[in-house]
There are 2 protein chains.
Amino acid sequence: MVIKMRNKYMKIQEDLAEHIRKGRIKPGDLLPSENELCETYSASRETIRKALKMLAEDGYIHKVQGKGSIVLDVSKFDFPISGLVSFKEVSKKMGHRAKTIVQQFGKILPTPELKSIIQVAEDDELWEVYRIREIDGEKIILDKDYLVKKVVPYLTKEICENSIYEFLEGELGLTISFAKKEITMEEPTEEDRNFLDLDGFHSIVVVKNFVYLDDASMFQYTESRHRPDKFRFVDFARRK
Amino acid sequence: MVIKMRNKYMKIQEDLAEHIRKGRIKPGDLLPSENELCETYSASRETIRKALKMLAEDGYIHKVQGKGSIVLDVSKFDFPISGLVSFKEVSKKMGHRAKTIVQQFGKILPTPELKSIIQVAEDDELWEVYRIREIDGEKIILDKDYLVKKVVPYLTKEICENSIYEFLEGELGLTISFAKKEITMEEPTEEDRNFLDLDGFHSIVVVKNFVYLDDASMFQYTESRHRPDKFRFVDFARRK
DNA sequence: AAGTGGTCTAGACCACGCA
DNA sequence: GCGTGGTCTAGACCACTTG
């Protein structure tokens with residue numbers, strides 16, 4: 001178990017989520033009222049509400065004033081790949097035979113283009129890593145990573161073959177806090193054609209990822225270039 | 001002004017957001033501490049925290065325990081088209097000369113495929129609306145909408161030429177509460193080729209939208225088919 | 001009218017960053 | 001050790017849905 005549950009409201013959230021996933025409370029039904037949950041978990045109402053708010057954000061329930069919390073059909077919202085999820089996490093979920101090939105690994109000085117994307121000085125070195133993701137024997141994704149060396153002083157090819165994220169968070173103790181993601185379509189470049197099994201495809205899905213640390217400084221830029229047939233992005237949105 | 005600000009925490013959130021947007025507090029700076037803000041706004045700490053939480057979710061600030069709330073560079077996060085945004089809202093923002101052509105309008109009985117997507121009975125009629133979106137004279141997007149007639153008893157071609165969302169929320173008083181969005185790439189169909197200016201493009205970005213009402217029942221399914229060169233999706237994500 | 005969720009308060013203690 | 005944000009409490013009143 002990776003997820004720690006030090007806090008009361010997290011435990012409550014996990015417990016309720018478990019109930020919903022296991023189908024002990026059925027979609028369409030109402031959750032017990034907040035006051036009832038206060039008694040069940042021996043917690044104050046604000047604490048219960050915090051747990052319910054997280055469940056709502058994750059698409060487990062929907063709250064209606066004066067009525068209650070409606071349980072949603074979680075099975076409908078399969079594979080919410082929204083948010084920050086690394087390839088390793090995704091491929092684990094999908095159960096595919098996935099493989100990563102580190103195609104390029106080294107240090108570079110920022111090109112003018114990179115300098116405008118990541119906010120770094122002229123002489124701030126960057127790690128440049130190209131990784132090819134193979135699923136069921138086909139080269140599907142090309143990941144181009146750029147990391148600020150000042151923040152990540154140490155990196156090896158072996159680490160890149162596993163998960164860079166795991167290394168950064170586990171070994172280096174860095175806290176990745178938020179990211180901006182941008183999805184567009186592009187013509188495949190020469191590079192794409194060389195590294196990927198593009199067959200007859202005439203376009204590439206480009207996911208640009210701007211990753212920030214806890215102190216709100218950007219330290220990583222990733223360009224994920226996907227063969228279009230294997231790409232899928234799911235998002236759960238609430239109207240404000 | 002569309003947004004109502006009945007609540008204290010919303011007013012505080014709006015006020016702080018305004019300060020940040022106007023640059024009165026600069027990116028990288030810290031917001032006043034929560035206790036200071038309590039005094040400034042004569043509010044309790046939980047109320048201030050609720051306002052700050054919303055600012056954090058919208059990407060205005062980033063909170064660090066023991067340190068404070070760092071102001072982010074909002075101008076970096078341009079066009080957050082994430083969430084539920086209708087074509088009319090988007091085209092207004094973009095300032096493009098946009099036009100909508102209602103290509104098809106009528107009532108149908110659900111095909112087996114539609115029945116499995118929207119949960120409706122065999123004899124529940126659906127509105128079927130095809131709309132073509134023209135930007136700068138080019139046919140870029142094909143929107144295929146299916147709405148449950150039991151929920152939307154009345155609809156006209158004229159309404160579809162404007163915004164269906166505005167009509168549903170304004171006139172009918174329906175509350176759209178959440179949606180699941182799915183982005184994939186497909187080969188263009190015969191339909192796509194007929195209705196859109198596809199030129200040499202060999203793929204189509206398909207955005208499937210499953211829209212739910214306040215009572216957690218699905219009432220609309222929309223398939224938005226975009227020419228790939230004009231497509232862009234932006235998402236702001238936080239690591240949990 | 002009763003019960004639900006939504007907002008707000010005042011106060012307490014904890015975990016973390018920094019000097 | 002101080003000040004920061006993070007969690008939790010108990011109680012109050014409001015807004016909304018339903019019988």
# chains A, B, ... in the order shown; residues from 1 in each chain; ligands from 1

$ interface_residues --of "chain B" --to "chain C" --cutoff "6 Å" --atoms "only C-alpha atoms (C1' of nucleotides)" --output "PDB file with N, CA, C and O atoms, in the first residue's frame"
ATOM      1  N   GLN B  65       3.021  24.111   3.304  1.00  0.00           N
ATOM      2  CA  GLN B  65       2.923  24.083   4.762  1.00  0.00           C
ATOM      3  C   GLN B  65       4.166  24.686   5.389  1.00  0.00           C
ATOM      4  O   GLN B  65       5.269  24.429   4.960  1.00  0.00           O
ATOM      5  N   GLY B  66       3.960  25.490   6.397  1.00  0.00           N
ATOM      6  CA  GLY B  66       5.066  26.097   7.105  1.00  0.00           C
ATOM      7  C   GLY B  66       5.659  27.310   6.429  1.00  0.00           C
ATOM      8  O   GLY B  66       6.525  27.981   6.977  1.00  0.00           O
ATOM      9  N   LYS B  67       5.201  27.580   5.220  1.00  0.00           N
ATOM     10  CA  LYS B  67       5.790  28.670   4.453  1.00  0.00           C
ATOM     11  C   LYS B  67       4.743  29.729   4.115  1.00  0.00           C
ATOM     12  O   LYS B  67       4.838  30.876   4.547  1.00  0.00           O
TER      13      LYS B  67
END

$ interface_residues --of "chain D" --to "chain A" --cutoff "9 Å" --atoms "only C-alpha atoms (C1' of nucleotides)" --output "PyMOL selection string"
chain D and resi 7-10+15-18

$ closest_residue --among "A:Ile108, A:Arg225, A:Phe219, A:His62" --to "chain B" --atoms "only C-alpha atoms"
A:His62

$ select_by_dssp --residues "range 31-146 of chain B" --states "strand (DSSP E or B)" --output "PyMOL selection string"
chain B and resi 61-64+68-71+98-108+126-135+138-146

$ closest_atom_pairs --of "chain A" --to "chain B" --cutoff "8 Å" --atoms "only C-alpha atoms" --output "JSON lines"
{"residue": "A:Gly28", "atom": "CA", "partner": "B:Ala216", "partner_atom": "CA", "distance": 7.6}
{"residue": "A:His62", "atom": "CA", "partner": "B:Ala216", "partner_atom": "CA", "distance": 6.9}
{"residue": "A:Val64", "atom": "CA", "partner": "B:Asp214", "partner_atom": "CA", "distance": 7.1}
{"residue": "A:Ile70", "atom": "CA", "partner": "B:Ala216", "partner_atom": "CA", "distance": 7.2}
{"residue": "A:Leu72", "atom": "CA", "partner": "B:Ala216", "partner_atom": "CA", "distance": 7.0}
{"residue": "A:Phe77", "atom": "CA", "partner": "B:Lys180", "partner_atom": "CA", "distance": 7.5}
{"residue": "A:Ser82", "atom": "CA", "partner": "B:Ala237", "partner_atom": "CA", "distance": 7.9}
{"residue": "A:Gly83", "atom": "CA", "partner": "B:Ala237", "partner_atom": "CA", "distance": 4.9}
{"residue": "A:Leu84", "atom": "CA", "partner": "B:Arg239", "partner_atom": "CA", "distance": 6.1}
{"residue": "A:Ile176", "atom": "CA", "partner": "B:Arg239", "partner_atom": "CA", "distance": 6.7}
{"residue": "A:Ser177", "atom": "CA", "partner": "B:Arg239", "partner_atom": "CA", "distance": 5.3}
{"residue": "A:Phe178", "atom": "CA", "partner": "B:Arg238", "partner_atom": "CA", "distance": 4.3}
{"residue": "A:Ala179", "atom": "CA", "partner": "B:Ala237", "partner_atom": "CA", "distance": 5.4}
{"residue": "A:Lys180", "atom": "CA", "partner": "B:Phe236", "partner_atom": "CA", "distance": 4.6}
{"residue": "A:Lys181", "atom": "CA", "partner": "B:Asp235", "partner_atom": "CA", "distance": 4.9}
{"residue": "A:Glu182", "atom": "CA", "partner": "B:Val234", "partner_atom": "CA", "distance": 4.5}
{"residue": "A:Ile183", "atom": "CA", "partner": "B:Phe233", "partner_atom": "CA", "distance": 5.0}
{"residue": "A:Thr184", "atom": "CA", "partner": "B:Arg232", "partner_atom": "CA", "distance": 5.0}
{"residue": "A:Met185", "atom": "CA", "partner": "B:Pro228", "partner_atom": "CA", "distance": 5.5}
{"residue": "A:Glu186", "atom": "CA", "partner": "B:Asp229", "partner_atom": "CA", "distance": 7.1}
{"residue": "A:Phe201", "atom": "CA", "partner": "B:His202", "partner_atom": "CA", "distance": 7.9}
{"residue": "A:His202", "atom": "CA", "partner": "B:His202", "partner_atom": "CA", "distance": 6.3}
{"residue": "A:Ser203", "atom": "CA", "partner": "B:Ser203", "partner_atom": "CA", "distance": 7.1}
{"residue": "A:Asp214", "atom": "CA", "partner": "B:Val64", "partner_atom": "CA", "distance": 6.9}
{"residue": "A:Asp215", "atom": "CA", "partner": "B:Val64", "partner_atom": "CA", "distance": 7.5}
{"residue": "A:Ala216", "atom": "CA", "partner": "B:His62", "partner_atom": "CA", "distance": 6.9}
{"residue": "A:Pro228", "atom": "CA", "partner": "B:Met185", "partner_atom": "CA", "distance": 5.5}
{"residue": "A:Asp229", "atom": "CA", "partner": "B:Met185", "partner_atom": "CA", "distance": 6.2}
{"residue": "A:Phe231", "atom": "CA", "partner": "B:Thr184", "partner_atom": "CA", "distance": 6.0}
{"residue": "A:Arg232", "atom": "CA", "partner": "B:Thr184", "partner_atom": "CA", "distance": 5.0}
{"residue": "A:Phe233", "atom": "CA", "partner": "B:Ile183", "partner_atom": "CA", "distance": 5.0}
{"residue": "A:Val234", "atom": "CA", "partner": "B:Glu182", "partner_atom": "CA", "distance": 4.5}
{"residue": "A:Asp235", "atom": "CA", "partner": "B:Lys181", "partner_atom": "CA", "distance": 5.0}
{"residue": "A:Phe236", "atom": "CA", "partner": "B:Lys180", "partner_atom": "CA", "distance": 4.6}
{"residue": "A:Ala237", "atom": "CA", "partner": "B:Gly83", "partner_atom": "CA", "distance": 4.9}
{"residue": "A:Arg238", "atom": "CA", "partner": "B:Phe178", "partner_atom": "CA", "distance": 4.3}
{"residue": "A:Arg239", "atom": "CA", "partner": "B:Ser177", "partner_atom": "CA", "distance": 5.4}

$ write_last_selection --atoms "N, CA and C atoms" --output "mmCIF file, in the first residue's frame"
data_model
loop_
_atom_site.group_PDB
_atom_site.id
_atom_site.type_symbol
_atom_site.label_atom_id
_atom_site.label_comp_id
_atom_site.auth_asym_id
_atom_site.auth_seq_id
_atom_site.Cartn_x
_atom_site.Cartn_y
_atom_site.Cartn_z
ATOM 1 N N GLY A 28 -27.039 5.270 -7.462
ATOM 2 C CA GLY A 28 -28.403 5.781 -7.389
ATOM 3 C C GLY A 28 -28.898 5.902 -5.967
ATOM 4 N N HIS A 62 -22.375 12.394 -5.777
ATOM 5 C CA HIS A 62 -22.785 13.729 -6.179
ATOM 6 C C HIS A 62 -23.704 14.271 -5.098
ATOM 7 N N VAL A 64 -26.434 16.782 -3.377
ATOM 8 C CA VAL A 64 -27.554 17.656 -3.709
ATOM 9 C C VAL A 64 -28.112 18.226 -2.408
ATOM 10 N N ILE A 70 -25.756 11.344 -3.590
ATOM 11 C CA ILE A 70 -26.098 10.249 -4.480
ATOM 12 C C ILE A 70 -24.841 9.491 -4.877
ATOM 13 N N LEU A 72 -22.655 7.473 -7.361
ATOM 14 C CA LEU A 72 -22.560 7.366 -8.814
ATOM 15 C C LEU A 72 -22.041 5.994 -9.226
ATOM 16 N N PHE A 77 -17.037 5.268 -14.980
ATOM 17 C CA PHE A 77 -15.899 6.175 -15.118
ATOM 18 C C PHE A 77 -14.604 5.391 -15.089
ATOM 19 N N SER A 82 -6.947 11.182 -16.127
ATOM 20 C CA SER A 82 -6.743 12.602 -15.881
ATOM 21 C C SER A 82 -5.754 12.789 -14.737
ATOM 22 N N GLY A 83 -5.180 13.955 -14.694
ATOM 23 C CA GLY A 83 -4.255 14.247 -13.615
ATOM 24 C C GLY A 83 -2.850 13.839 -13.977
ATOM 25 N N LEU A 84 -1.997 13.782 -12.983
ATOM 26 C CA LEU A 84 -0.615 13.441 -13.226
ATOM 27 C C LEU A 84 -0.417 11.956 -13.029
ATOM 28 N N ILE A 176 6.625 16.785 -6.305
ATOM 29 C CA ILE A 176 5.986 17.299 -7.505
ATOM 30 C C ILE A 176 4.600 17.759 -7.107
ATOM 31 N N SER A 177 4.294 19.002 -7.391
ATOM 32 C CA SER A 177 3.049 19.521 -6.827
ATOM 33 C C SER A 177 1.960 19.771 -7.848
ATOM 34 N N PHE A 178 2.295 20.306 -8.989
ATOM 35 C CA PHE A 178 1.238 20.497 -9.976
ATOM 36 C C PHE A 178 1.825 20.571 -11.373
ATOM 37 N N ALA A 179 0.966 20.473 -12.355
ATOM 38 C CA ALA A 179 1.424 20.474 -13.735
ATOM 39 C C ALA A 179 0.362 21.044 -14.648
ATOM 40 N N LYS A 180 0.822 21.625 -15.718
ATOM 41 C CA LYS A 180 -0.099 22.029 -16.764
ATOM 42 C C LYS A 180 0.091 21.075 -17.919
ATOM 43 N N LYS A 181 -1.000 20.642 -18.475
ATOM 44 C CA LYS A 181 -0.965 19.666 -19.548
ATOM 45 C C LYS A 181 -1.619 20.276 -20.776
ATOM 46 N N GLU A 182 -1.070 20.009 -21.924
ATOM 47 C CA GLU A 182 -1.657 20.562 -23.138
ATOM 48 C C GLU A 182 -1.669 19.478 -24.199
ATOM 49 N N ILE A 183 -2.820 19.237 -24.766
ATOM 50 C CA ILE A 183 -2.937 18.195 -25.775
ATOM 51 C C ILE A 183 -3.201 18.815 -27.131
ATOM 52 N N THR A 184 -2.358 18.496 -28.084
ATOM 53 C CA THR A 184 -2.585 18.970 -29.454
ATOM 54 C C THR A 184 -2.260 17.856 -30.442
ATOM 55 N N MET A 185 -2.520 18.126 -31.708
ATOM 56 C CA MET A 185 -2.203 17.180 -32.771
ATOM 57 C C MET A 185 -1.151 17.799 -33.670
ATOM 58 N N GLU A 186 -0.201 16.994 -34.089
ATOM 59 C CA GLU A 186 0.816 17.522 -34.990
ATOM 60 C C GLU A 186 1.118 16.534 -36.100
ATOM 61 N N PHE A 201 0.044 5.994 -40.132
ATOM 62 C CA PHE A 201 -0.533 7.160 -39.448
ATOM 63 C C PHE A 201 0.110 8.480 -39.880
ATOM 64 N N HIS A 202 -0.749 9.461 -40.060
ATOM 65 C CA HIS A 202 -0.281 10.751 -40.561
ATOM 66 C C HIS A 202 -0.324 11.838 -39.503
ATOM 67 N N SER A 203 -0.622 11.465 -38.270
ATOM 68 C CA SER A 203 -0.616 12.496 -37.230
ATOM 69 C C SER A 203 -0.171 11.890 -35.905
ATOM 70 N N ASP A 214 7.229 22.038 -5.464
ATOM 71 C CA ASP A 214 6.502 22.597 -4.342
ATOM 72 C C ASP A 214 6.672 24.109 -4.207
ATOM 73 N N ASP A 215 7.834 24.622 -4.605
ATOM 74 C CA ASP A 215 8.060 26.060 -4.459
ATOM 75 C C ASP A 215 7.618 26.813 -5.715
ATOM 76 N N ALA A 216 6.806 26.153 -6.521
ATOM 77 C CA ALA A 216 6.200 26.770 -7.700
ATOM 78 C C ALA A 216 7.212 27.069 -8.811
ATOM 79 N N PRO A 228 -1.712 7.898 -32.629
ATOM 80 C CA PRO A 228 -3.101 8.289 -32.332
ATOM 81 C C PRO A 228 -4.042 7.150 -31.978
ATOM 82 N N ASP A 229 -3.808 5.965 -32.511
ATOM 83 C CA ASP A 229 -4.791 4.893 -32.279
ATOM 84 C C ASP A 229 -4.775 4.378 -30.848
ATOM 85 N N PHE A 231 -4.179 6.309 -28.189
ATOM 86 C CA PHE A 231 -4.289 7.411 -27.245
ATOM 87 C C PHE A 231 -5.709 7.556 -26.707
ATOM 88 N N ARG A 232 -5.788 7.809 -25.406
ATOM 89 C CA ARG A 232 -7.098 8.048 -24.796
ATOM 90 C C ARG A 232 -6.909 8.903 -23.564
ATOM 91 N N PHE A 233 -7.685 9.950 -23.484
ATOM 92 C CA PHE A 233 -7.592 10.851 -22.333
ATOM 93 C C PHE A 233 -8.975 10.998 -21.732
ATOM 94 N N VAL A 234 -9.075 10.770 -20.442
ATOM 95 C CA VAL A 234 -10.380 10.850 -19.799
ATOM 96 C C VAL A 234 -10.359 11.920 -18.722
ATOM 97 N N ASP A 235 -11.408 12.686 -18.678
ATOM 98 C CA ASP A 235 -11.473 13.791 -17.734
ATOM 99 C C ASP A 235 -12.846 13.815 -17.083
ATOM 100 N N PHE A 236 -12.836 14.151 -15.824
ATOM 101 C CA PHE A 236 -14.102 14.273 -15.100
ATOM 102 C C PHE A 236 -14.236 15.725 -14.676
ATOM 103 N N ALA A 237 -15.290 16.383 -15.123
ATOM 104 C CA ALA A 237 -15.404 17.821 -14.873
ATOM 105 C C ALA A 237 -16.710 18.164 -14.185
ATOM 106 N N ARG A 238 -16.625 19.159 -13.345
ATOM 107 C CA ARG A 238 -17.823 19.651 -12.675
ATOM 108 C C ARG A 238 -18.109 21.067 -13.112
ATOM 109 N N ARG A 239 -19.362 21.341 -13.317
ATOM 110 C CA ARG A 239 -19.790 22.688 -13.698
ATOM 111 C C ARG A 239 -19.728 23.580 -12.467
#

$ atom_distance --atom1 "CA of Val129 in chain A" --atom2 "CA of Gly106 in chain A"
6.8 Å

$ residues_around --residues "Gly23 in chain A" --least-positions-apart "2" --cutoff "12 Å" --atoms "only C-alpha atoms (C1' of nucleotides)" --output "count of residues only"
17
